[in-house]
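S.K.: Contents are mmCIF, C-alpha atoms and all ligand atoms; file name data15.cif:
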data_run
loop_
_atom_site.label_atom_id
_atom_site.label_comp_id
_atom_site.auth_asym_id
_atom_site.auth_seq_id
_atom_site.Cartn_x
_atom_site.Cartn_y
_atom_site.Cartn_z
CA MET A 1 30.61 -57.99 52.97
CA THR A 2 28.04 -55.34 53.96
CA ARG A 3 28.18 -54.07 57.53
CA PRO A 4 25.18 -55.01 59.69
CA LEU A 5 22.65 -52.24 60.17
CA ILE A 6 21.08 -53.32 63.45
CA ASP A 7 22.02 -54.74 66.81
CA LEU A 8 20.08 -56.24 69.72
CA ARG A 9 20.59 -54.46 73.05
CA THR A 10 18.94 -54.35 76.44
CA THR A 11 16.95 -51.22 77.26
CA PRO A 12 16.15 -49.85 80.72
CA HIS A 13 12.43 -49.67 79.87
CA GLY A 14 11.38 -52.53 77.60
CA GLY A 15 13.65 -55.58 77.74
CA ARG A 16 15.68 -56.21 74.59
CA SER A 17 15.25 -54.03 71.54
CA LEU A 18 16.87 -53.32 68.19
CA PHE A 19 19.10 -50.32 67.54
CA ALA A 20 20.66 -48.75 64.46
CA ILE A 21 24.43 -49.20 64.45
CA GLN A 22 24.91 -46.93 61.46
CA PRO A 23 22.79 -44.21 59.87
CA ILE A 24 19.97 -45.81 57.87
CA ALA A 25 18.16 -44.17 54.97
CA ARG A 26 14.38 -44.14 54.76
CA GLY A 27 12.94 -47.10 52.85
CA THR A 28 15.74 -49.53 53.78
CA VAL A 29 14.73 -53.13 54.46
CA ILE A 30 16.59 -53.67 57.75
CA PHE A 31 15.36 -57.20 58.46
CA ALA A 32 13.39 -59.95 56.75
CA CYS A 33 12.07 -63.10 58.37
CA GLU A 34 11.29 -65.55 55.59
CA VAL A 35 8.86 -68.02 57.16
CA PRO A 36 6.74 -68.31 60.29
CA PHE A 37 7.74 -70.91 62.87
CA GLY A 38 4.16 -72.02 63.32
CA HIS A 39 1.07 -70.36 61.90
CA VAL A 40 -2.66 -70.88 61.51
CA ILE A 41 -5.21 -69.59 59.01
CA TYR A 42 -8.68 -69.25 60.57
CA LYS A 43 -11.18 -71.91 59.56
CA ASP A 44 -13.51 -69.45 57.80
CA TYR A 45 -10.69 -68.28 55.52
CA ARG A 46 -9.03 -71.55 54.56
CA ARG A 47 -10.62 -71.81 51.09
CA GLU A 48 -9.82 -68.17 50.47
CA VAL A 49 -6.19 -68.03 51.57
CA CYS A 50 -3.37 -69.57 49.53
CA ALA A 51 -1.63 -72.17 51.69
CA GLN A 52 1.73 -71.20 50.20
CA CYS A 53 1.82 -67.39 49.94
CA PHE A 54 -1.21 -66.42 52.09
CA ALA A 55 -2.80 -64.44 49.20
CA TYR A 56 -6.45 -63.72 49.97
CA ALA A 57 -8.99 -64.49 47.23
CA ALA A 58 -11.61 -62.07 48.55
CA SER A 59 -9.15 -59.21 49.04
CA THR A 60 -10.54 -55.76 48.37
CA SER A 61 -7.49 -55.16 46.20
CA ARG A 62 -8.76 -57.76 43.69
CA ASN A 63 -11.45 -57.10 41.09
CA ILE A 64 -15.02 -57.56 42.30
CA GLY A 65 -15.75 -59.97 39.46
CA ASP A 66 -13.02 -62.37 40.55
CA PRO A 67 -13.96 -65.61 42.28
CA ARG A 68 -13.85 -65.19 46.05
CA THR A 69 -12.40 -68.62 46.77
CA TRP A 70 -9.43 -70.41 45.19
CA SER A 71 -10.06 -73.40 42.93
CA ILE A 72 -6.59 -74.99 42.80
CA ARG A 73 -6.18 -77.43 45.62
CA SER A 74 -4.22 -80.29 47.06
CA CYS A 75 -6.30 -83.09 48.48
CA ARG A 76 -4.70 -86.29 49.66
CA ALA A 77 -6.63 -88.95 51.59
CA THR A 78 -4.49 -88.52 54.73
CA ALA A 79 -4.46 -84.75 54.70
CA GLU A 80 -6.66 -81.73 55.11
CA THR A 81 -7.47 -80.09 51.76
CA VAL A 82 -5.61 -76.86 51.15
CA TRP A 83 -6.06 -74.24 48.43
CA PHE A 84 -3.66 -72.21 46.32
CA CYS A 85 -3.80 -69.01 44.29
CA THR A 86 -1.70 -70.43 41.42
CA ASP A 87 -0.31 -73.73 40.14
CA GLU A 88 3.13 -72.37 40.94
CA CYS A 89 2.26 -71.98 44.63
CA LYS A 90 0.86 -75.50 44.63
CA VAL A 91 4.10 -76.90 43.15
CA ILE A 92 6.24 -75.04 45.70
CA TRP A 93 4.04 -76.21 48.59
CA GLU A 94 3.89 -79.84 47.42
CA SER A 95 7.64 -80.04 46.86
CA GLY A 96 8.27 -78.87 50.44
CA VAL A 97 8.21 -81.05 53.53
CA ILE A 98 6.56 -78.85 56.14
CA GLY A 99 3.30 -77.87 54.39
CA PRO A 100 2.18 -81.45 53.58
CA LEU A 101 3.15 -82.66 57.07
CA ILE A 102 1.12 -79.87 58.66
CA ALA A 103 -1.86 -80.75 56.42
CA ASP A 104 -1.62 -84.38 57.63
CA VAL A 105 -1.60 -83.27 61.25
CA ASN A 106 -4.46 -80.84 60.72
CA ALA A 107 -6.56 -83.67 59.31
CA LEU A 108 -6.04 -85.58 62.57
CA LEU A 109 -6.87 -82.54 64.68
CA GLY A 110 -10.02 -81.93 62.63
CA LYS A 111 -11.22 -85.48 63.28
CA GLY A 112 -10.46 -85.16 66.98
CA LYS A 113 -12.51 -81.99 67.15
CA ILE A 114 -15.59 -83.62 65.55
CA ALA A 115 -15.40 -86.43 68.10
CA THR A 116 -15.15 -84.06 71.02
CA ARG A 117 -17.90 -81.77 69.83
CA SER A 118 -20.56 -84.46 69.59
CA LYS A 119 -20.04 -85.44 73.22
CA SER A 120 -19.32 -82.02 74.68
CA ALA A 121 -19.96 -81.44 78.36
CA ARG A 122 -23.28 -79.63 78.82
CA ASP A 123 -22.80 -77.76 82.07
CA GLY A 124 -19.37 -76.26 81.37
CA TYR A 125 -17.78 -78.41 84.08
CA ASP A 126 -14.26 -79.29 83.08
CA PRO A 127 -12.24 -81.80 85.09
CA ILE A 128 -9.06 -80.24 83.78
CA LEU A 129 -9.37 -77.41 86.30
CA PRO A 130 -12.19 -78.73 88.51
CA ASN A 131 -12.39 -75.69 90.80
CA GLY A 132 -12.14 -73.16 87.98
CA PRO A 133 -9.26 -70.70 87.64
CA PRO A 134 -7.38 -69.95 90.89
CA ALA A 135 -8.69 -66.85 92.74
CA GLN A 136 -5.20 -65.42 92.95
CA ILE A 137 -3.06 -66.17 89.91
CA THR A 138 0.58 -66.80 90.76
CA GLN A 139 3.36 -68.56 88.87
CA ASP A 140 3.15 -71.36 91.47
CA CYS A 141 -0.53 -72.05 90.82
CA ILE A 142 0.03 -72.03 87.04
CA ASP A 143 2.92 -74.47 87.50
CA GLN A 144 0.71 -76.68 89.71
CA ALA A 145 -2.06 -76.75 87.08
CA TRP A 146 0.51 -77.97 84.52
CA VAL A 147 1.73 -80.64 86.95
CA ASP A 148 -1.88 -81.80 87.36
CA VAL A 149 -2.51 -81.96 83.61
CA GLU A 150 0.74 -83.88 83.22
CA ASP A 151 -0.67 -86.44 85.60
CA LEU A 152 -3.85 -86.69 83.51
CA VAL A 153 -2.06 -87.16 80.18
CA SER A 154 0.36 -89.71 81.63
CA SER A 155 -2.45 -92.30 81.52
CA ARG A 156 -3.61 -93.03 77.96
CA ALA A 157 -6.91 -94.42 79.31
CA ARG A 158 -7.69 -91.34 81.42
CA LEU A 159 -6.64 -89.04 78.60
CA SER A 160 -8.92 -90.82 76.10
CA SER A 161 -11.79 -90.70 78.53
CA TYR A 162 -11.21 -86.98 79.18
CA CYS A 163 -10.90 -86.14 75.48
CA SER A 164 -14.09 -88.00 74.63
CA THR A 165 -16.07 -85.55 76.76
CA MET A 166 -13.99 -82.39 76.57
CA ASN A 167 -15.50 -79.24 75.13
CA LEU A 168 -12.82 -77.80 72.89
CA GLU A 169 -13.87 -74.39 71.60
CA ASP A 170 -13.23 -73.31 68.00
CA MET A 171 -10.52 -70.88 69.09
CA GLU A 172 -8.83 -73.60 71.10
CA LEU A 173 -8.73 -75.74 67.98
CA GLU A 174 -7.10 -72.86 66.08
CA ILE A 175 -4.51 -72.54 68.87
CA SER A 176 -3.94 -76.31 68.71
CA ARG A 177 -3.25 -76.00 64.98
CA LEU A 178 -0.72 -73.23 65.56
CA VAL A 179 1.10 -75.26 68.22
CA ALA A 180 0.98 -78.41 66.07
CA SER A 181 2.48 -76.56 63.09
CA ALA A 182 5.37 -75.37 65.31
CA ILE A 183 5.84 -78.93 66.58
CA VAL A 184 6.02 -80.19 62.98
CA GLN A 185 8.73 -77.63 62.23
CA ARG A 186 10.70 -78.73 65.27
CA TYR A 187 10.38 -82.35 64.17
CA VAL A 188 11.50 -81.48 60.65
CA PHE A 189 14.50 -79.56 61.98
CA ASP A 190 15.53 -82.29 64.44
CA HIS A 191 15.32 -84.97 61.76
CA ARG A 192 17.09 -82.81 59.17
CA LEU A 193 14.20 -83.35 56.76
CA ALA A 194 14.48 -79.88 55.29
CA ASN A 195 16.43 -76.67 55.59
CA LEU A 196 14.50 -74.21 57.69
CA ALA A 197 15.15 -70.75 56.34
CA VAL A 198 14.44 -69.04 59.64
CA SER A 199 16.34 -65.76 59.55
CA SER A 200 17.32 -64.52 62.94
CA ILE A 201 18.74 -61.51 64.66
CA ILE A 202 20.45 -63.65 67.27
CA PRO A 203 22.87 -65.92 65.43
CA THR A 204 21.91 -69.50 66.25
CA SER A 205 21.52 -72.52 64.07
CA ASP A 206 18.59 -73.92 66.03
CA PRO A 207 15.19 -72.27 65.42
CA TRP A 208 13.76 -73.95 68.51
CA ALA A 209 16.42 -72.26 70.68
CA GLU A 210 15.17 -69.00 69.17
CA VAL A 211 11.59 -69.76 70.19
CA LEU A 212 12.72 -70.41 73.77
CA ASP A 213 14.64 -67.15 73.75
CA LEU A 214 11.47 -65.13 73.16
CA GLN A 215 9.85 -63.33 76.07
CA SER A 216 7.18 -65.40 77.81
CA SER A 217 3.94 -63.67 78.77
CA GLU A 218 2.32 -66.66 80.46
CA LEU A 219 1.89 -65.04 83.89
CA SER A 220 0.65 -61.66 82.58
CA ASN A 221 -1.69 -63.33 80.08
CA VAL A 222 -3.25 -65.71 82.62
CA SER A 223 -3.42 -62.98 85.31
CA LEU A 224 -5.43 -60.73 82.99
CA ARG A 225 -7.56 -63.53 81.52
CA PRO A 226 -7.67 -66.46 83.98
CA TYR A 227 -9.80 -68.58 81.58
CA ILE A 228 -6.72 -68.81 79.32
CA LEU A 229 -5.14 -71.28 81.74
CA ALA A 230 -7.87 -73.90 81.26
CA ALA A 231 -7.87 -73.23 77.49
CA HIS A 232 -4.11 -73.88 77.30
CA LEU A 233 -4.42 -77.04 79.40
CA ARG A 234 -7.22 -78.32 77.15
CA VAL A 235 -5.12 -77.60 74.04
CA TYR A 236 -2.27 -79.53 75.63
CA ALA A 237 -4.43 -82.56 76.51
CA PHE A 238 -6.03 -82.46 73.05
CA LEU A 239 -2.61 -82.47 71.32
CA CYS A 240 -1.33 -85.29 73.56
CA HIS A 241 -4.39 -87.25 72.51
CA SER A 242 -4.55 -86.40 68.80
CA LEU A 243 -0.99 -86.08 67.50
CA PRO A 244 0.67 -89.09 65.90
CA LYS A 245 3.23 -90.96 67.99
CA HIS A 246 6.33 -89.48 66.30
CA LEU A 247 5.19 -85.95 67.19
CA ARG A 248 3.86 -86.72 70.67
CA LEU A 249 7.42 -86.63 71.98
CA TYR A 250 7.41 -82.89 71.33
CA VAL A 251 4.07 -82.06 72.93
CA PRO A 252 5.62 -81.02 76.26
CA THR A 253 7.04 -78.07 74.32
CA ALA A 254 3.48 -76.87 73.77
CA ARG A 255 3.58 -74.91 77.04
CA ASN A 256 6.64 -72.99 75.82
CA ILE A 257 4.90 -72.12 72.56
CA LEU A 258 1.65 -71.12 74.27
CA ALA A 259 3.57 -68.92 76.72
CA ARG A 260 5.29 -67.09 73.86
CA ASP A 261 2.46 -66.96 71.31
CA THR A 262 0.58 -64.05 72.86
CA GLY A 263 3.06 -61.21 73.03
CA ASN A 264 5.19 -62.26 70.08
CA ALA A 265 2.84 -63.39 67.30
CA PHE A 266 1.96 -61.28 64.26
CA GLY A 267 -1.45 -61.25 62.64
CA ILE A 268 -1.65 -62.47 59.03
CA TRP A 269 -3.52 -59.57 57.48
CA ASP A 270 -4.99 -59.06 54.05
CA GLY A 271 -2.69 -56.35 52.72
CA ASP A 272 -1.28 -53.39 54.57
CA SER A 273 -4.62 -51.70 55.14
CA ARG A 274 -5.38 -54.43 57.71
CA ASP A 275 -8.84 -55.09 56.29
CA GLU A 276 -9.11 -58.66 57.52
CA MET A 277 -7.08 -60.78 59.89
CA LEU A 278 -6.77 -64.17 58.22
CA GLY A 279 -4.84 -65.94 60.97
CA TRP A 280 -1.65 -65.45 62.91
CA GLY A 281 1.88 -66.80 63.18
CA LEU A 282 5.22 -66.63 64.98
CA TRP A 283 7.96 -64.98 62.92
CA VAL A 284 10.49 -65.69 65.60
CA GLY A 285 13.44 -63.58 64.51
CA ALA A 286 11.15 -60.59 64.08
CA SER A 287 9.86 -60.55 67.64
CA TYR A 288 12.65 -58.34 68.98
CA PHE A 289 11.13 -55.18 67.58
CA ASN A 290 9.73 -53.12 70.44
CA HIS A 291 6.66 -50.93 70.04
CA SER A 292 6.56 -47.15 69.70
CA CYS A 293 3.52 -44.90 69.25
CA CYS A 294 5.77 -42.92 66.88
CA PRO A 295 7.45 -45.82 65.02
CA ASN A 296 10.35 -45.53 62.59
CA VAL A 297 9.92 -49.02 61.07
CA GLU A 298 7.05 -50.51 59.07
CA LYS A 299 6.23 -54.17 58.93
CA THR A 300 5.00 -55.62 55.62
CA ARG A 301 4.04 -59.16 54.85
CA VAL A 302 5.48 -60.32 51.52
CA GLY A 303 3.95 -63.74 50.92
CA ARG A 304 5.12 -65.85 53.86
CA ALA A 305 7.88 -63.42 54.78
CA MET A 306 7.79 -60.41 57.10
CA HIS A 307 9.84 -57.43 55.95
CA PHE A 308 10.83 -54.51 58.16
CA THR A 309 11.54 -51.21 56.42
CA THR A 310 12.54 -47.83 57.86
CA SER A 311 9.71 -45.32 57.46
CA ARG A 312 12.09 -42.36 57.92
CA SER A 313 15.83 -41.86 58.10
CA VAL A 314 17.30 -43.17 61.32
CA GLU A 315 20.39 -41.96 63.19
CA ILE A 316 23.08 -44.14 64.62
CA GLY A 317 22.10 -45.38 68.10
CA GLU A 318 18.33 -44.84 67.58
CA GLU A 319 15.94 -47.54 68.77
CA LEU A 320 14.11 -49.23 65.87
CA CYS A 321 10.43 -49.73 66.65
CA ILE A 322 7.29 -50.87 64.89
CA SER A 323 3.75 -50.15 66.13
CA TYR A 324 1.72 -52.98 67.65
CA ILE A 325 -1.54 -51.00 67.64
CA ASP A 326 -3.35 -48.22 65.81
CA THR A 327 -1.26 -45.19 66.79
CA ASN A 328 -3.87 -42.71 65.52
CA GLN A 329 -5.78 -43.17 68.76
CA SER A 330 -5.73 -41.06 71.92
CA ILE A 331 -3.12 -41.77 74.56
CA THR A 332 -5.77 -43.32 76.84
CA GLN A 333 -6.94 -45.70 74.12
CA ARG A 334 -3.40 -46.63 73.12
CA LYS A 335 -2.49 -47.31 76.74
CA GLN A 336 -5.57 -49.51 77.15
CA ASP A 337 -4.88 -51.45 73.94
CA LEU A 338 -1.27 -52.11 74.88
CA GLU A 339 -2.09 -53.11 78.44
CA ASN A 340 -5.00 -55.38 77.45
CA SER A 341 -3.48 -57.06 74.42
CA TRP A 342 0.25 -56.77 75.04
CA PHE A 343 0.45 -56.54 78.87
CA PHE A 344 2.82 -53.59 79.15
CA THR A 345 2.74 -49.87 79.84
CA CYS A 346 4.21 -48.04 76.90
CA GLN A 347 7.42 -46.15 77.68
CA CYS A 348 7.89 -44.67 74.21
CA GLN A 349 8.90 -41.02 73.82
CA ARG A 350 5.48 -40.00 72.54
CA CYS A 351 3.66 -41.48 75.54
CA GLN A 352 6.22 -39.91 77.90
CA SER A 353 5.67 -36.46 76.41
CA GLU A 354 1.87 -36.48 75.87
CA GLU A 355 -0.51 -35.34 78.59
CA PRO A 356 -3.13 -37.97 79.52
CA ASP A 357 -6.44 -37.06 77.87
CA GLU A 358 -9.83 -37.17 79.57
CA ALA A 359 -10.85 -40.78 80.12
CA SER A 360 -14.05 -41.49 78.22
CA PRO A 361 -17.12 -41.84 80.50
CA HIS A 362 -18.33 -45.39 81.11
C1 LIG B 1 7.50 -58.62 71.02
S1 LIG B 1 8.34 -58.36 72.50
C2 LIG B 1 9.63 -57.29 72.01
C3 LIG B 1 10.97 -57.82 72.48
C4 LIG B 1 11.16 -57.81 73.97
N1 LIG B 1 11.53 -56.48 74.43
C5 LIG B 1 12.16 -58.84 74.42
O1 LIG B 1 13.05 -58.53 75.19
O2 LIG B 1 12.00 -60.01 74.03
C6 LIG B 1 7.19 -57.29 73.34
C7 LIG B 1 7.61 -56.93 74.74
O3 LIG B 1 8.62 -55.91 74.75
C8 LIG B 1 8.38 -54.93 75.75
N2 LIG B 1 8.06 -53.65 75.07
C9 LIG B 1 7.88 -53.46 73.74
N3 LIG B 1 7.65 -52.18 73.46
C10 LIG B 1 7.64 -51.51 74.64
C11 LIG B 1 7.40 -50.16 75.00
N4 LIG B 1 7.11 -49.21 74.10
N5 LIG B 1 7.44 -49.83 76.32
C12 LIG B 1 7.70 -50.77 77.24
N6 LIG B 1 7.94 -52.08 76.97
C13 LIG B 1 7.91 -52.45 75.69
C14 LIG B 1 7.18 -55.42 76.54
O4 LIG B 1 7.67 -56.16 77.63
C15 LIG B 1 6.48 -56.33 75.55
O5 LIG B 1 5.73 -57.33 76.21
#
Show the structure stored in the file as structure tokens.
Ligand SMILES: C[S@@+](CC[C@H](N)C(=O)[O-])C[C@H]1O[C@@H](n2cnc3c(N)ncnc32)[C@H](O)[C@@H]1O
M.R.:
Amino acid sequence: MTRPLIDLRTTPHGGRSLFAIQPIARGTVIFACEVPFGHVIYKDYRREVCAQCFAYAASTSRNIGDPRTWSIRSCRATAETVWFCTDECKVIWESGVIGPLIADVNALLGKGKIATRSKSARDGYDPILPNGPPAQITQDCIDQAWVDVEDLVSSRARLSSYCSTMNLEDMELEISRLVASAIVQRYVFDHRLANLAVSSIIPTSDPWAEVLDLQSSELSNVSLRPYILAAHLRVYAFLCHSLPKHLRLYVPTARNILARDTGNAFGIWDGDSRDEMLGWGLWVGASYFNHSCCPNVEKTRVGRAMHFTTSRSVEIGEELCISYIDTNQSITQRKQDLENSWFFTCQCQRCQSEEPDEASPH
């Protein structure tokens, strides 16, 4: 048996993080997470992204003469149509349980969205948070807003009436699809309908326990962008309304997923040059990599999997970090990006040693 290369430890500066427990040569794959626990491909890309391996038809790495959308597809009456790059991908997807179930659910969400759009509220008033976001965001007021929405969804009649006038934005529908796909995976796991190959750093047999173990950024996210609270509550009400009965049982877990999505999700990019972001997903086991502005690990998407490879040789005891942002930027820009999108102040060695540059004039 090979000795493990990495270990999860608590740091003084950035919560838990991964460390090398033996010297590691450059180019070593130190961790691979095979499938996302919940993902979404943006609406505009769905005909161009293979539902099985996420290959992008209009990728710049393909020949210009190639068709820019896929032609192989799966279309069942109950499901949303999905496209594939090859017959082989179609066979793999159709023989699985999760993909077809997610396509069924997405068809329901798509119908729900059409209904809500045609009757959308005109003045932006939303009874879900009637007084708008709280002036001072605290954990208590977020908790209270969730108690209030719970009250709304507890009555099927009030929920239907609310959903028939709600104004669900396109991005909120995408978030609903991500949450719904995670709920499907939880359902599949609980009912032992398929083996979930979710590789983890923390040994546990329950992928849902892994999701709950991820760091929540609910308070920091809502504090920085108060409109997110209403968006999350709308997504929740929409899912309570639209999901089939056997999945509705799991909808209360939506808050846990929403709280952990921002801060742990990875973009699904076209290739490593990050030309286009096609969607995003939660590769749960992979979310323990901290950020460094001088990283020693590179993340690569290989089909549905995320692989993590050392970009230089690493000594025993060294922290293993990826980069969450473009590290070719100035320290001011990096700091801003990390604070705005990831809600933390970077404590990496490079940021500690670099002098702050002149802030750009506004
Ligand atoms: C994807 S999680 C990484 C795992 C996380 N440390 C944990 O305990 O679950 C991202 C969070 O880790 C922390 N973090 C990551 N990189 C950091 C850094 N360079 N400096 C400070 N905190 C960092 C921040 O709290 C950030 O929100």
S.K.: Which residue gives the smallest distance to A:Arg304 among A:Pro127, A:Gly317, A:Pro134, A:Gly281, with only C-alpha atoms counted?
M.R.: A:Gly281
S.K.: Ligand LIG 1 (chain B), all listed atoms, 3 Å padding on each side: what axis-aligned box centre and edge lengths in Å to one decimal come out, as AutoDock Vina command-line options?
M.R.:
--center_x 9.4 --center_y -54.6 --center_z 74.3 --size_x 13.3 --size_y 16.8 --size_z 12.6
S.K.: What's the separation between atom C3 of ligand LIG 1 (chain B) and atom CA of A:His307, in Å to one decimal place?
M.R.: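 We find that atom C3 of ligand LIG 1 (chain B) and atom CA of A:His307 lie 16.6 Å from each other.
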S.K.: Name the residues in contact with A:Leu247 at a cut-off of 12 Å, using all atoms listed in the file, excluding same-chain residues fewer than 5 positions from it; report them as a list in words.
M.R.: Leu101, Ile102, Asp104, Val105, Val179, Ala180, Ser181, Ala182, Ile183, Val184, Gln185, Arg186, Tyr187, Val188, Asp190, His191, Leu239, Cys240, His241, Ser242, Pro252, Thr253 and Ala254 of chain A
S.K.: Using all atoms listed in the file, which residues of chain A come within 6 Å of ligand LIG 1 (chain B), and what is the closest atom pair for each, with the distance in Å to one decimal? Give it as CSV, sorted by chain and residue number.
M.R.:
residue,atom,partner,partner_atom,distance
A:His13,CA,B:LIG1,C12,5.5
A:Gly14,CA,B:LIG1,N6,3.5
A:Gly15,CA,B:LIG1,O1,3.9
A:Arg16,CA,B:LIG1,O1,3.6
A:Ser17,CA,B:LIG1,N1,5.3
A:Leu214,CA,B:LIG1,O2,5.2
A:Gln215,CA,B:LIG1,O2,4.5
A:Gly263,CA,B:LIG1,C1,5.5
A:Asn264,CA,B:LIG1,C1,4.4
A:Ser287,CA,B:LIG1,C1,4.6
A:Tyr288,CA,B:LIG1,C3,3.9
A:Phe289,CA,B:LIG1,C2,5.1
A:Asn290,CA,B:LIG1,N3,3.8
A:His291,CA,B:LIG1,N3,3.8
A:Ser292,CA,B:LIG1,N4,4.9
A:Trp342,CA,B:LIG1,O5,5.6
A:Phe343,CA,B:LIG1,O5,6.0
A:Phe344,CA,B:LIG1,C14,5.4
A:Thr345,CA,B:LIG1,C12,5.7
A:Cys346,CA,B:LIG1,N5,3.7
A:Gln347,CA,B:LIG1,N5,3.9
A:Cys348,CA,B:LIG1,N4,4.6
